[in-house]
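Take a look at the structure set out below.
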Amino acid sequence: MSLHGKDLLGGPPPTLLPDEAGPRELLERGADPADVAAAHPTSSLAWAELAEAAYAGNAFVESYAYARTGYHRGLDSLRRSGWKGYGPVPWSHAPNRGFLRALYALGRAAGAIGEVGEADRIRQFLHDSDPEAVEALSGT
């Protein structure tokens, strides 16, 4: 990728999601993610936070369900932003992080409930979206 975000090999440009200011600000102020998700059901960030909390409490099925919802809400937003089903979704663009966190949470929860094939596909999707996201989310 060049400094201007265009792939010199002819790939699609990075997809940059719009900011979800309302949900983000509520969550930053400590609002309950369930309340935020109910008020802003299209927010991947709120669903990702619910998935992460459920996973931390060993509620893997619930984590999977929350993460899947955040993932699908994120796919809808990506498509509205011009994404064609592939191409970079950069972690460095803060509004993309809700989707990327939901994607990571989905893969992690899928693995925890024995959906190994799905976990592998999600891991690859996250890597294809942005290897920096893998590093940031998994600590590797």
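Within each chain, counting starts at residue 1; across the structure tokens, chains are named A, B, ... in the order shown, with ligands numbered 1 upward in that order.
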
Within 9 Å of segment 97-106 of chain A using only C-alpha atoms, minus same-chain residues under 6 positions, as a ChimeraX atom specification: /A:43-49,51-52,55,63-75,77-78,89-91,118-119,122-123,125-126,129-130,133-134,137-138

DSSP-assigned alpha helix (DSSP H) among chain A, expressed as a PyMOL selection string: chain A and resi 21-28+33-39+44-56+60-80+97-112+116-129+131-138

Take the residues from that selection and write them out as a CSV table (one decimal), in the first residue's frame, keeping C-alpha atoms.
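Saved the output as part-v1.csv:
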```
chain,number,residue,atom,x,y,z
A,21,ALA,CA,-20.1,9.0,17.3
A,22,GLY,CA,-23.2,8.3,19.4
A,23,PRO,CA,-22.4,4.7,20.4
A,24,ARG,CA,-18.7,5.4,20.8
A,25,GLU,CA,-19.3,8.4,23.1
A,26,LEU,CA,-21.8,6.5,25.2
A,27,LEU,CA,-19.4,3.6,25.6
A,28,GLU,CA,-16.5,5.9,26.4
A,33,PRO,CA,-23.1,-1.9,26.1
A,34,ALA,CA,-26.5,-3.7,26.1
A,35,ASP,CA,-28.2,-0.3,26.5
A,36,VAL,CA,-26.0,1.1,23.7
A,37,ALA,CA,-26.8,-1.9,21.4
A,38,ALA,CA,-30.5,-1.5,22.1
A,39,ALA,CA,-30.4,2.2,21.3
A,44,SER,CA,-20.6,-3.1,15.6
A,45,LEU,CA,-18.7,-1.5,18.5
A,46,ALA,CA,-21.5,-2.1,21.0
A,47,TRP,CA,-22.0,-5.7,19.9
A,48,ALA,CA,-18.2,-6.3,20.0
A,49,GLU,CA,-18.1,-5.0,23.6
A,50,LEU,CA,-20.9,-7.3,24.5
A,51,ALA,CA,-19.1,-10.2,22.9
A,52,GLU,CA,-15.9,-9.5,24.7
A,53,ALA,CA,-17.6,-9.2,28.1
A,54,ALA,CA,-19.5,-12.5,27.5
A,55,TYR,CA,-16.2,-14.2,26.5
A,56,ALA,CA,-14.5,-12.9,29.6
A,60,PHE,CA,-19.0,-18.6,24.8
A,61,VAL,CA,-22.3,-19.2,23.1
A,62,GLU,CA,-23.5,-15.7,24.1
A,63,SER,CA,-20.2,-14.2,23.0
A,64,TYR,CA,-20.6,-16.0,19.6
A,65,ALA,CA,-24.1,-14.6,19.2
A,66,TYR,CA,-23.1,-11.0,20.1
A,67,ALA,CA,-20.1,-11.2,17.9
A,68,ARG,CA,-22.0,-12.6,14.9
A,69,THR,CA,-24.5,-9.7,15.3
A,70,GLY,CA,-21.7,-7.1,15.3
A,71,TYR,CA,-20.0,-8.8,12.4
A,72,HIS,CA,-23.2,-8.7,10.3
A,73,ARG,CA,-23.9,-5.1,11.2
A,74,GLY,CA,-20.3,-4.3,10.2
A,75,LEU,CA,-20.7,-6.1,6.9
A,76,ASP,CA,-23.8,-4.0,6.2
A,77,SER,CA,-21.8,-0.8,7.0
A,78,LEU,CA,-18.8,-1.9,4.9
A,79,ARG,CA,-21.1,-2.6,1.9
A,80,ARG,CA,-22.7,0.9,2.3
A,97,ARG,CA,-12.3,-1.0,14.9
A,98,GLY,CA,-15.8,-1.9,16.0
A,99,PHE,CA,-16.2,-4.2,13.0
A,100,LEU,CA,-12.7,-5.6,13.4
A,101,ARG,CA,-13.2,-6.2,17.1
A,102,ALA,CA,-16.5,-8.0,16.3
A,103,LEU,CA,-14.7,-10.1,13.7
A,104,TYR,CA,-12.0,-11.1,16.1
A,105,ALA,CA,-14.5,-11.9,18.8
A,106,LEU,CA,-16.5,-14.0,16.4
A,107,GLY,CA,-13.4,-16.1,15.5
A,108,ARG,CA,-12.4,-16.5,19.1
A,109,ALA,CA,-15.9,-17.5,20.2
A,110,ALA,CA,-16.3,-19.9,17.2
A,111,GLY,CA,-13.1,-21.6,18.3
A,112,ALA,CA,-14.3,-21.8,21.9
A,116,VAL,CA,-12.8,-24.8,14.1
A,117,GLY,CA,-13.4,-24.2,10.4
A,118,GLU,CA,-15.3,-21.0,11.0
A,119,ALA,CA,-12.6,-19.8,13.4
A,120,ASP,CA,-10.0,-20.5,10.7
A,121,ARG,CA,-12.0,-18.6,8.1
A,122,ILE,CA,-12.5,-15.6,10.4
A,123,ARG,CA,-8.8,-15.6,11.3
A,124,GLN,CA,-7.9,-15.4,7.6
A,125,PHE,CA,-10.6,-12.7,7.0
A,126,LEU,CA,-9.2,-10.6,9.8
A,127,HIS,CA,-5.6,-11.0,8.5
A,128,ASP,CA,-6.8,-10.1,5.0
A,129,SER,CA,-8.6,-7.0,6.4
A,131,PRO,CA,-2.6,-7.8,9.8
A,132,GLU,CA,-2.2,-4.8,12.2
A,133,ALA,CA,-5.7,-5.7,13.6
A,134,VAL,CA,-4.6,-9.2,14.3
A,135,GLU,CA,-1.6,-7.9,16.2
A,136,ALA,CA,-3.5,-5.3,18.1
A,137,LEU,CA,-6.4,-7.7,19.1
A,138,SER,CA,-4.5,-10.9,19.8
```

Atom pair atom CA of Pro41 of chain A / atom CA of Glu20 of chain A: separation (Å): 11.3 Å

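With only C-alpha atoms as the atoms that count, the residue of A:Gly57, A:Gly87, A:Pro95, A:Gly82 with the shortest distance to Pro14 of chain A is A:Gly87.
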